[in-house]
$ cat input_39.txt   # compact mmCIF, C-alpha atoms (C1' of nucleotides)
# COMPACT_ATOMS: atom_id res chain seq x y z
CA MET A 2 0.00 0.00 0.00
CA ASN A 3 1.80 3.00 1.35
CA LYS A 4 5.37 2.25 0.46
CA SER A 5 6.77 4.90 2.79
CA ILE A 6 5.89 2.66 5.68
CA LEU A 7 8.65 0.32 4.58
CA TYR A 8 11.21 2.89 5.62
CA LYS A 9 10.10 2.82 9.23
CA GLY A 10 13.13 2.33 11.41
CA CYS A 11 15.60 3.04 8.61
CA LEU A 12 15.90 6.74 9.27
CA GLU A 13 18.18 6.45 12.27
CA PRO A 14 20.84 4.27 10.59
CA ILE A 15 20.67 6.46 7.49
CA ILE A 16 21.36 9.58 9.49
CA LEU A 17 24.17 7.96 11.43
CA LYS A 18 25.76 6.81 8.21
CA LEU A 19 25.59 10.22 6.58
CA LEU A 20 27.00 11.91 9.66
CA ASN A 21 29.78 9.37 9.81
CA GLU A 22 30.81 10.22 6.27
CA ASN A 23 30.33 13.94 6.38
CA ARG A 24 31.56 14.91 9.82
CA ARG A 25 28.74 17.40 10.32
CA MET A 26 25.42 18.18 8.69
CA TYR A 27 22.31 20.19 9.47
CA GLY A 28 18.75 18.94 9.29
CA TYR A 29 17.65 20.42 6.03
CA GLU A 30 20.89 19.34 4.43
CA ILE A 31 20.18 15.75 5.45
CA THR A 32 16.75 15.78 3.83
CA GLN A 33 18.20 17.11 0.60
CA ARG A 34 21.11 14.71 0.58
CA VAL A 35 18.82 11.75 1.08
CA LYS A 36 16.46 12.94 -1.63
CA ASP A 37 19.45 13.33 -3.89
CA LEU A 38 21.06 9.99 -3.11
CA THR A 39 17.79 8.14 -3.61
CA LYS A 40 16.92 10.03 -6.80
CA GLY A 41 13.80 11.46 -5.24
CA GLU A 42 12.57 8.13 -3.91
CA LEU A 43 12.90 8.95 -0.23
CA ASN A 44 11.74 12.28 1.15
CA ILE A 45 12.32 12.64 4.85
CA SER A 46 9.63 14.69 6.53
CA GLU A 47 10.51 17.29 9.13
CA GLY A 48 8.11 15.71 11.58
CA ALA A 49 10.22 12.58 11.46
CA LEU A 50 13.63 14.19 11.24
CA TYR A 51 13.74 16.85 13.92
CA PRO A 52 12.33 14.81 16.79
CA LEU A 53 14.79 12.07 15.90
CA LEU A 54 17.75 14.45 15.87
CA HIS A 55 16.65 15.81 19.24
CA ARG A 56 16.35 12.33 20.67
CA LEU A 57 19.77 11.28 19.39
CA GLU A 58 21.28 14.41 20.85
CA ALA A 59 19.60 13.78 24.20
CA GLU A 60 20.97 10.24 24.15
CA GLY A 61 24.49 11.51 23.59
CA ILE A 62 24.76 9.94 20.17
CA LEU A 63 24.88 13.29 18.43
CA GLU A 64 26.14 16.67 19.47
CA ALA A 65 24.97 19.95 18.00
CA GLU A 66 26.49 23.36 17.40
CA MET A 67 24.58 26.41 16.27
CA GLU A 68 25.94 28.59 13.53
CA ASN A 69 24.77 31.87 12.13
CA ILE A 70 24.42 32.06 8.38
CA GLY A 71 23.43 35.61 7.61
CA ASN A 72 20.37 36.18 9.78
CA ARG A 73 19.56 32.51 9.95
CA VAL A 74 20.58 29.91 12.45
CA ARG A 75 21.75 26.52 11.39
CA LYS A 76 22.12 23.60 13.75
CA TYR A 77 24.97 21.34 12.78
CA TYR A 78 25.00 17.81 14.11
CA SER A 79 27.93 15.44 14.40
CA LEU A 80 28.57 12.02 15.88
CA THR A 81 29.95 11.73 19.40
CA LYS A 82 32.35 8.95 20.32
CA ASP A 83 29.36 6.98 21.53
CA GLY A 84 27.60 7.84 18.29
CA LYS A 85 30.32 6.17 16.28
CA LYS A 86 29.84 2.91 18.11
CA GLN A 87 26.10 3.28 17.72
CA LYS A 88 26.59 3.91 14.04
CA SER A 89 28.44 0.63 13.57
CA ALA A 90 25.73 -1.27 15.41
CA ALA A 91 22.98 0.40 13.43
CA MET A 92 24.69 -0.28 10.13
CA SER A 93 25.18 -3.96 10.75
CA GLU A 94 21.57 -4.20 11.89
CA LEU A 95 20.43 -2.59 8.67
CA GLN A 96 22.72 -4.81 6.62
CA ASN A 97 21.40 -7.85 8.43
CA PHE A 98 17.88 -6.70 7.71
CA ILE A 99 18.60 -6.37 4.01
CA ASP A 100 20.30 -9.77 3.94
CA THR A 101 17.30 -11.34 5.63
CA LEU A 102 14.95 -9.75 3.12
CA GLN A 103 17.11 -11.15 0.37
CA LEU A 104 16.85 -14.60 1.91
CA LEU A 105 13.10 -14.27 1.70
CA LEU A 106 13.03 -12.89 -1.81
CA ASN A 107 15.63 -15.19 -3.22
CA PRO A 108 16.26 -18.24 -1.05
CA LYS A 109 18.20 -19.97 -3.79
CA LEU A 110 21.01 -17.45 -3.72
CA ALA A 111 21.45 -17.88 0.01
CA MET B 21 17.22 -0.10 18.84
CA ASN B 22 14.49 -2.55 18.15
CA LYS B 23 15.45 -4.12 14.87
CA SER B 24 12.08 -5.79 14.42
CA ILE B 25 10.61 -2.43 13.59
CA LEU B 26 12.57 -2.48 10.36
CA TYR B 27 10.26 -5.17 9.08
CA LYS B 28 7.21 -2.95 9.32
CA GLY B 29 5.33 -3.07 6.06
CA CYS B 30 7.30 -6.07 4.78
CA LEU B 31 4.88 -8.65 6.09
CA GLU B 32 2.27 -8.20 3.38
CA PRO B 33 4.61 -8.63 0.40
CA ILE B 34 6.27 -11.58 2.12
CA ILE B 35 2.95 -13.35 2.55
CA LEU B 36 1.88 -12.63 -1.00
CA LYS B 37 5.15 -13.99 -2.30
CA LEU B 38 4.93 -17.20 -0.29
CA LEU B 39 1.34 -17.77 -1.35
CA ASN B 40 2.27 -17.16 -4.94
CA GLU B 41 4.88 -19.88 -4.77
CA ASN B 42 3.02 -22.40 -2.69
CA ARG B 43 -0.54 -22.12 -3.98
CA ARG B 44 -2.02 -22.41 -0.50
CA MET B 45 -0.78 -22.11 3.06
CA TYR B 46 -2.22 -21.75 6.53
CA GLY B 47 -1.24 -19.17 9.12
CA TYR B 48 0.97 -21.20 11.36
CA GLU B 49 2.68 -22.69 8.35
CA ILE B 50 3.56 -19.19 7.15
CA THR B 51 5.17 -18.26 10.46
CA GLN B 52 7.25 -21.43 10.41
CA ARG B 53 8.25 -21.04 6.79
CA VAL B 54 9.40 -17.50 7.36
CA LYS B 55 11.31 -18.46 10.47
CA ASP B 56 12.92 -21.24 8.48
CA LEU B 57 13.77 -19.17 5.42
CA THR B 58 15.29 -16.41 7.52
CA LYS B 59 17.19 -18.83 9.75
CA GLY B 60 15.32 -17.68 12.81
CA GLU B 61 15.86 -13.99 12.12
CA LEU B 62 12.23 -13.10 11.49
CA ASN B 63 9.48 -14.40 13.73
CA ILE B 64 6.04 -13.27 12.69
CA SER B 65 3.78 -12.70 15.66
CA GLU B 66 0.18 -13.87 15.59
CA GLY B 67 -1.04 -10.40 16.45
CA ALA B 68 0.45 -9.20 13.19
CA LEU B 69 -0.34 -12.19 11.03
CA TYR B 70 -3.98 -13.02 11.62
CA PRO B 71 -5.41 -9.51 11.36
CA LEU B 72 -3.45 -9.09 8.14
CA LEU B 73 -4.75 -12.36 6.67
CA HIS B 74 -8.28 -11.33 7.59
CA ARG B 75 -7.83 -7.93 6.01
CA LEU B 76 -6.40 -9.38 2.80
CA GLU B 77 -9.28 -11.81 2.62
CA ALA B 78 -11.80 -9.02 3.15
CA GLU B 79 -10.12 -7.06 0.37
CA GLY B 80 -10.45 -9.96 -2.03
CA ILE B 81 -6.72 -10.46 -2.30
CA LEU B 82 -6.83 -13.80 -0.56
CA GLU B 83 -9.47 -16.49 -0.34
CA ALA B 84 -9.71 -19.04 2.45
CA GLU B 85 -10.91 -22.59 2.77
CA MET B 86 -11.32 -24.47 6.00
CA GLU B 87 -10.07 -27.99 6.30
CA ASN B 88 -10.37 -30.53 9.07
CA ILE B 89 -7.17 -32.20 10.15
CA GLY B 90 -8.23 -34.75 12.70
CA ASN B 91 -10.12 -32.72 15.27
CA ARG B 92 -8.40 -29.52 14.33
CA VAL B 93 -9.43 -26.92 11.83
CA ARG B 94 -6.93 -25.40 9.47
CA LYS B 95 -7.61 -22.33 7.40
CA TYR B 96 -5.83 -22.44 4.09
CA TYR B 97 -5.28 -19.20 2.21
CA SER B 98 -4.57 -18.72 -1.47
CA LEU B 99 -4.20 -15.80 -3.86
CA THR B 100 -7.22 -14.68 -5.86
CA LYS B 101 -6.81 -13.37 -9.40
CA ASP B 102 -6.73 -9.88 -7.91
CA GLY B 103 -4.23 -11.13 -5.38
CA LYS B 104 -1.81 -12.12 -8.10
CA LYS B 105 -1.79 -8.61 -9.50
CA GLN B 106 -1.42 -7.24 -6.02
CA LYS B 107 1.46 -9.61 -5.44
CA SER B 108 3.36 -8.27 -8.45
CA ALA B 109 2.85 -4.70 -7.31
CA ALA B 110 3.92 -5.49 -3.78
CA MET B 111 7.02 -7.33 -4.94
CA SER B 112 8.25 -4.52 -7.15
CA GLU B 113 7.60 -2.07 -4.33
CA LEU B 114 9.69 -4.17 -2.01
CA GLN B 115 12.42 -4.58 -4.59
CA ASN B 116 12.41 -0.84 -5.18
CA PHE B 117 12.69 -0.30 -1.45
CA ILE B 118 15.71 -2.58 -1.23
CA ASP B 119 17.33 -0.89 -4.23
CA THR B 120 16.81 2.51 -2.66
CA LEU B 121 18.36 1.33 0.58
CA GLN B 122 21.32 0.06 -1.40
CA LEU B 123 21.68 3.46 -3.02
CA LEU B 124 21.94 4.95 0.44
CA LEU B 125 24.32 2.35 1.80
CA ASN B 126 26.51 2.15 -1.22
CA PRO B 127 26.08 5.12 -3.58
CA LYS B 128 29.19 4.23 -5.52
CA LEU B 129 27.72 1.03 -6.86
CA ALA B 130 24.63 2.79 -8.19
C1' DC C 12 8.20 44.85 -6.84
C1' DA C 13 5.06 41.27 -5.40
C1' DA C 14 4.45 36.55 -5.20
C1' DA C 15 6.03 32.16 -5.19
C1' DT C 16 9.47 29.10 -3.89
C1' DA C 17 13.45 27.51 -1.27
C1' DT C 18 15.79 27.43 3.06
C1' DA C 19 15.62 26.29 8.03
C1' DC C 20 13.90 24.80 12.38
C1' DA C 21 10.13 23.08 15.33
C1' DT C 22 5.95 20.73 17.36
C1' DA C 23 1.31 18.29 17.90
C1' DA C 24 -2.34 15.09 16.49
C1' DA C 25 -3.50 11.20 14.05
C1' DC C 26 -2.36 6.85 12.08
C1' DA C 27 -0.61 2.29 10.74
C1' DG C 28 1.39 -1.77 11.62
C1' DG C 29 3.63 -3.85 14.46
C1' DT C 30 4.75 -6.42 19.72
C1' DA C 31 3.47 -8.79 23.85
C1' DA C 32 0.19 -10.98 26.37
C1' DT C 33 -3.61 -13.78 26.72
C1' DA C 34 -7.00 -17.25 25.53
C1' DC C 35 -8.58 -21.67 24.02
C1' DA C 36 -8.17 -26.35 22.04
C1' DT C 37 -5.72 -30.58 20.15
C1' DT C 38 -1.69 -33.62 19.80
C1' DG C 39 2.59 -36.08 20.79
C1' DG C 40 6.60 -37.32 23.59
C1' DG C 41 9.16 -38.20 27.84
C1' DC D 7 0.43 -36.74 33.34
C1' DC D 8 2.40 -32.73 32.19
C1' DC D 9 4.61 -29.81 28.96
C1' DA D 10 5.98 -28.39 24.43
C1' DA D 11 4.35 -27.94 19.92
C1' DT D 12 0.52 -27.04 16.79
C1' DG D 13 -3.12 -23.94 15.40
C1' DT D 14 -6.36 -19.88 15.30
C1' DA D 15 -7.73 -15.67 17.42
C1' DT D 16 -8.22 -11.17 20.15
C1' DT D 17 -6.74 -7.21 22.89
C1' DA D 18 -3.94 -3.41 24.93
C1' DC D 19 -0.18 -0.98 24.06
C1' DC D 20 4.02 1.02 21.57
C1' DT D 21 6.70 3.32 18.15
C1' DG D 22 8.04 5.77 14.29
C1' DT D 23 6.16 7.61 11.11
C1' DT D 24 2.70 11.26 8.23
C1' DT D 25 0.10 15.33 7.90
C1' DA D 26 -0.70 19.74 9.25
C1' DT D 27 0.65 23.86 11.22
C1' DG D 28 3.73 27.62 12.76
C1' DT D 29 7.60 30.92 12.44
C1' DA D 30 11.08 33.33 9.85
C1' DT D 31 14.57 34.58 6.23
C1' DA D 32 16.46 34.26 1.33
C1' DT D 33 16.07 33.80 -3.45
C1' DT D 34 14.00 33.44 -7.87
C1' DT D 35 10.52 34.79 -11.24
C1' DG D 36 6.74 36.98 -13.75
$ encode --input "input_39.txt" --output "structure tokens"
Amino acid sequence: MNKSILYKGCLEPIILKLLNENRRMYGYEITQRVKDLTKGELNISEGALYPLLHRLEAEGILEAEMENIGNRVRKYYSLTKDGKKQKSAAMSELQNFIDTLQLLLNPKLA
Amino acid sequence: MNKSILYKGCLEPIILKLLNENRRMYGYEITQRVKDLTKGELNISEGALYPLLHRLEAEGILEAEMENIGNRVRKYYSLTKDGKKQKSAAMSELQNFIDTLQLLLNPKLA
DNA sequence: CAAATATACATAAACAGGTAATACATTGGG
DNA sequence: CCCAATGTATTACCTGTTTATGTATATTTG
């Protein structure tokens, strides 16, 4: 039905991966990067993104620094030391998930 | 966190695929088959499975026939003609989802 | 120059699809 | 004889989304 529901639970590992590769990013930048990387397939909504970033910051997985760009404020996020461990765990979980799906879709190649 | 949440939305296409390959299956059989195929990784809970089977039957995607096995009753499900179309749609959605995830995990191979 | 669009963050309500627990009944093995 | 496995089913709850709304600045376009 609604294919976007498939992405439930994927957002966190995606963000951790992007932050691992890019050192620091701000929210809007993440949405655009993801849209770009997925050729428009995946559009992260703000209602999903910002609460998640706040939660990850509260959990000590991310740390944030504000920066003024003209009259605007940007909030840059980056991985903490804990976040890097968390990132590895999240990535292998996601990889495992994909592998398991592949087992289901194509048992013969297992 | 909870990796099982990743599988949200995957249950329907998985069931349609299994029924497409096996002509007819009953609920418990589906849970065991999935557990088997995924080497114990994915355990479908009854609270997820039965409501979904009922919904798909109500939507005309599946049809059911009861069968007595000794003193027990089994409910076999199979795809309707509509269900076979639905199955194709669901499978390509799931494949697209996996491809998109791969784009995110490994942009260089895209 | 006004209007539309893009940038940028944030929050609340509603929703969907799960989990976990519970229930009930039959069957087979130790 | 009890307990695990088989088999269908329902319910309360949880979680991570979507959708809608709000605020504000910057840039493009007719």
$ interface_residues --input "input_39.txt" --of "chain B" --to "chain D" --cutoff "8 Å" --atoms "only C-alpha atoms (C1' of nucleotides)" --output "compact mmCIF listing (two decimals) with C-alpha atoms, in the frame of the given file"
# COMPACT_ATOMS: atom_id res chain seq x y z
CA TYR B 48 0.97 -21.20 11.36
CA TYR B 70 -3.98 -13.02 11.62
CA ARG B 92 -8.40 -29.52 14.33
CA VAL B 93 -9.43 -26.92 11.83
CA ARG B 94 -6.93 -25.40 9.47
$ closest_atom_pairs --input "input_39.txt" --of "chain B" --to "chain C" --cutoff "9 Å" --atoms "all atoms listed in the file" --output "JSON lines"
{"residue": "B:Ser24", "atom": "CA", "partner": "C:DG29", "partner_atom": "C1'", "distance": 8.7}
{"residue": "B:Ile25", "atom": "CA", "partner": "C:DG29", "partner_atom": "C1'", "distance": 7.2}
{"residue": "B:Tyr27", "atom": "CA", "partner": "C:DG29", "partner_atom": "C1'", "distance": 8.6}
{"residue": "B:Lys28", "atom": "CA", "partner": "C:DG29", "partner_atom": "C1'", "distance": 6.3}
{"residue": "B:Gly29", "atom": "CA", "partner": "C:DG28", "partner_atom": "C1'", "distance": 6.9}
{"residue": "B:Ser65", "atom": "CA", "partner": "C:DT30", "partner_atom": "C1'", "distance": 7.5}
{"residue": "B:Gly67", "atom": "CA", "partner": "C:DT30", "partner_atom": "C1'", "distance": 7.7}
{"residue": "B:Ala68", "atom": "CA", "partner": "C:DG29", "partner_atom": "C1'", "distance": 6.4}
{"residue": "B:Gly90", "atom": "CA", "partner": "C:DT37", "partner_atom": "C1'", "distance": 8.9}
{"residue": "B:Asn91", "atom": "CA", "partner": "C:DT37", "partner_atom": "C1'", "distance": 6.9}
{"residue": "B:Arg92", "atom": "CA", "partner": "C:DT37", "partner_atom": "C1'", "distance": 6.5}
$ closest_residue --input "input_39.txt" --among "B:Glu49, B:Glu41, B:Glu61, B:Asp102" --to "chain A" --atoms "all atoms listed in the file"
B:Glu61
$ interface_residues --input "input_39.txt" --of "chain B" --to "chain A" --cutoff "9 Å" --atoms "all atoms listed in the file" --output "PyMOL selection string"
chain B and resi 21-30+34+37-38+54+57-59+61-62+110-111+113-115+117-118+120-125+127
$ write_last_selection --input "input_39.txt" --atoms "C-alpha atoms" --output "mmCIF file, in the frame of the given file"
data_model
loop_
_atom_site.group_PDB
_atom_site.id
_atom_site.type_symbol
_atom_site.label_atom_id
_atom_site.label_comp_id
_atom_site.auth_asym_id
_atom_site.auth_seq_id
_atom_site.Cartn_x
_atom_site.Cartn_y
_atom_site.Cartn_z
ATOM 1 C CA MET B 21 17.220 -0.100 18.840
ATOM 2 C CA ASN B 22 14.490 -2.550 18.150
ATOM 3 C CA LYS B 23 15.450 -4.120 14.870
ATOM 4 C CA SER B 24 12.080 -5.790 14.420
ATOM 5 C CA ILE B 25 10.610 -2.430 13.590
ATOM 6 C CA LEU B 26 12.570 -2.480 10.360
ATOM 7 C CA TYR B 27 10.260 -5.170 9.080
ATOM 8 C CA LYS B 28 7.210 -2.950 9.320
ATOM 9 C CA GLY B 29 5.330 -3.070 6.060
ATOM 10 C CA CYS B 30 7.300 -6.070 4.780
ATOM 11 C CA ILE B 34 6.270 -11.580 2.120
ATOM 12 C CA LYS B 37 5.150 -13.990 -2.300
ATOM 13 C CA LEU B 38 4.930 -17.200 -0.290
ATOM 14 C CA VAL B 54 9.400 -17.500 7.360
ATOM 15 C CA LEU B 57 13.770 -19.170 5.420
ATOM 16 C CA THR B 58 15.290 -16.410 7.520
ATOM 17 C CA LYS B 59 17.190 -18.830 9.750
ATOM 18 C CA GLU B 61 15.860 -13.990 12.120
ATOM 19 C CA LEU B 62 12.230 -13.100 11.490
ATOM 20 C CA ALA B 110 3.920 -5.490 -3.780
ATOM 21 C CA MET B 111 7.020 -7.330 -4.940
ATOM 22 C CA GLU B 113 7.600 -2.070 -4.330
ATOM 23 C CA LEU B 114 9.690 -4.170 -2.010
ATOM 24 C CA GLN B 115 12.420 -4.580 -4.590
ATOM 25 C CA PHE B 117 12.690 -0.300 -1.450
ATOM 26 C CA ILE B 118 15.710 -2.580 -1.230
ATOM 27 C CA THR B 120 16.810 2.510 -2.660
ATOM 28 C CA LEU B 121 18.360 1.330 0.580
ATOM 29 C CA GLN B 122 21.320 0.060 -1.400
ATOM 30 C CA LEU B 123 21.680 3.460 -3.020
ATOM 31 C CA LEU B 124 21.940 4.950 0.440
ATOM 32 C CA LEU B 125 24.320 2.350 1.800
ATOM 33 C CA PRO B 127 26.080 5.120 -3.580
#
$ calpha_fit_and_write --input "input_39.txt" --fixed "chain A" --moving "chain B" --output "short mmCIF file (atom, residue, chain, number, x, y, z; two decimals) with C-alpha atoms, keeping the file's coordinate frame"
data_model
loop_
_atom_site.label_atom_id
_atom_site.label_comp_id
_atom_site.auth_asym_id
_atom_site.auth_seq_id
_atom_site.Cartn_x
_atom_site.Cartn_y
_atom_site.Cartn_z
CA MET B 21 -0.16 0.11 -0.06
CA ASN B 22 1.80 2.96 1.34
CA LYS B 23 5.36 2.18 0.43
CA SER B 24 6.77 4.86 2.70
CA ILE B 25 5.95 2.70 5.65
CA LEU B 26 8.67 0.32 4.54
CA TYR B 27 11.23 2.88 5.59
CA LYS B 28 10.12 2.81 9.20
CA GLY B 29 13.14 2.34 11.41
CA CYS B 30 15.59 3.05 8.59
CA LEU B 31 15.86 6.75 9.28
CA GLU B 32 18.16 6.46 12.28
CA PRO B 33 20.82 4.29 10.62
CA ILE B 34 20.66 6.46 7.51
CA ILE B 35 21.35 9.60 9.52
CA LEU B 36 24.15 7.98 11.46
CA LYS B 37 25.75 6.81 8.25
CA LEU B 38 25.58 10.23 6.60
CA LEU B 39 27.00 11.92 9.67
CA ASN B 40 29.77 9.39 9.83
CA GLU B 41 30.79 10.23 6.29
CA ASN B 42 30.32 13.96 6.38
CA ARG B 43 31.52 14.90 9.85
CA ARG B 44 28.72 17.41 10.34
CA MET B 45 25.40 18.19 8.71
CA TYR B 46 22.29 20.19 9.46
CA GLY B 47 18.72 18.96 9.27
CA TYR B 48 17.62 20.41 6.00
CA GLU B 49 20.87 19.33 4.42
CA ILE B 50 20.15 15.74 5.46
CA THR B 51 16.72 15.76 3.84
CA GLN B 52 18.18 17.09 0.61
CA ARG B 53 21.08 14.68 0.61
CA VAL B 54 18.79 11.73 1.10
CA LYS B 55 16.44 12.92 -1.60
CA ASP B 56 19.43 13.31 -3.87
CA LEU B 57 21.03 9.97 -3.09
CA THR B 58 17.77 8.12 -3.57
CA LYS B 59 16.89 10.01 -6.75
CA GLY B 60 13.78 11.44 -5.19
CA GLU B 61 12.55 8.11 -3.86
CA LEU B 62 12.88 8.93 -0.17
CA ASN B 63 11.73 12.25 1.20
CA ILE B 64 12.29 12.62 4.91
CA SER B 65 9.56 14.63 6.57
CA GLU B 66 10.41 17.23 9.19
CA GLY B 67 8.04 15.62 11.65
CA ALA B 68 10.21 12.52 11.52
CA LEU B 69 13.60 14.17 11.28
CA TYR B 70 13.71 16.83 13.96
CA PRO B 71 12.31 14.78 16.84
CA LEU B 72 14.79 12.06 15.94
CA LEU B 73 17.74 14.47 15.88
CA HIS B 74 16.65 15.84 19.24
CA ARG B 75 16.34 12.37 20.69
CA LEU B 76 19.76 11.30 19.41
CA GLU B 77 21.28 14.44 20.85
CA ALA B 78 19.61 13.82 24.21
CA GLU B 79 20.97 10.28 24.16
CA GLY B 80 24.50 11.53 23.60
CA ILE B 81 24.75 9.96 20.18
CA LEU B 82 24.87 13.29 18.43
CA GLU B 83 26.15 16.69 19.47
CA ALA B 84 24.97 19.97 17.99
CA GLU B 85 26.50 23.36 17.37
CA MET B 86 24.63 26.42 16.26
CA GLU B 87 26.01 28.58 13.52
CA ASN B 88 24.85 31.87 12.10
CA ILE B 89 24.53 32.05 8.35
CA GLY B 90 23.62 35.62 7.64
CA ASN B 91 20.50 36.19 9.70
CA ARG B 92 19.66 32.53 9.83
CA VAL B 93 20.63 29.96 12.39
CA ARG B 94 21.79 26.54 11.35
CA LYS B 95 22.14 23.65 13.73
CA TYR B 96 24.97 21.36 12.76
CA TYR B 97 24.99 17.83 14.11
CA SER B 98 27.92 15.46 14.42
CA LEU B 99 28.56 12.02 15.87
CA THR B 100 29.94 11.75 19.39
CA LYS B 101 32.36 8.97 20.31
CA ASP B 102 29.35 7.00 21.53
CA GLY B 103 27.61 7.85 18.30
CA LYS B 104 30.31 6.19 16.27
CA LYS B 105 29.82 2.92 18.11
CA GLN B 106 26.10 3.29 17.73
CA LYS B 107 26.58 3.92 14.04
CA SER B 108 28.43 0.63 13.57
CA ALA B 109 25.73 -1.27 15.41
CA ALA B 110 22.97 0.39 13.44
CA MET B 111 24.69 -0.27 10.13
CA SER B 112 25.17 -3.97 10.76
CA GLU B 113 21.56 -4.21 11.89
CA LEU B 114 20.44 -2.61 8.67
CA GLN B 115 22.72 -4.80 6.60
CA ASN B 116 21.41 -7.85 8.42
CA PHE B 117 17.88 -6.71 7.70
CA ILE B 118 18.62 -6.38 3.99
CA ASP B 119 20.31 -9.78 3.92
CA THR B 120 17.32 -11.36 5.61
CA LEU B 121 14.98 -9.77 3.10
CA GLN B 122 17.14 -11.16 0.33
CA LEU B 123 16.87 -14.61 1.87
CA LEU B 124 13.12 -14.28 1.65
CA LEU B 125 13.06 -12.89 -1.86
CA ASN B 126 15.65 -15.17 -3.28
CA PRO B 127 16.29 -18.24 -1.11
CA LYS B 128 18.22 -19.97 -3.85
CA LEU B 129 21.04 -17.47 -3.75
CA ALA B 130 21.53 -17.88 -0.01
#
$ atom_distance --input "input_39.txt" --atom1 "atom CA of A:Glu64" --atom2 "atom CA of A:Gly28"
12.8 Å
$ atom_distance --input "input_39.txt" --atom1 "atom CA of B:Glu85" --atom2 "atom CA of B:Tyr97"
6.6 Å
$ atom_distance --input "input_39.txt" --atom1 "atom CA of A:Ile62" --atom2 "atom CA of A:Ser89"
12.0 Å
$ axis_aligned_box --input "input_39.txt" --around "stretch 105-118 of chain B" --padding-each-side "6 Å" --output "AutoDock Vina command-line options"
--center_x 7.0 --center_y -5.0 --center_z -5.4 --size_x 29.5 --size_y 21.3 --size_z 20.3
$ decode --input "input_39.txt" --residues "stretch 32-44 of chain A" --atoms "C-alpha atoms" --output "compact mmCIF listing (two decimals), in the first residue's frame"
# COMPACT_ATOMS: atom_id res chain seq x y z
CA THR A 32 16.75 15.78 3.83
CA GLN A 33 18.20 17.11 0.60
CA ARG A 34 21.11 14.71 0.58
CA VAL A 35 18.82 11.75 1.08
CA LYS A 36 16.46 12.94 -1.63
CA ASP A 37 19.45 13.33 -3.89
CA LEU A 38 21.06 9.99 -3.11
CA THR A 39 17.79 8.14 -3.61
CA LYS A 40 16.92 10.03 -6.80
CA GLY A 41 13.80 11.46 -5.24
CA GLU A 42 12.57 8.13 -3.91
CA LEU A 43 12.90 8.95 -0.23
CA ASN A 44 11.74 12.28 1.15
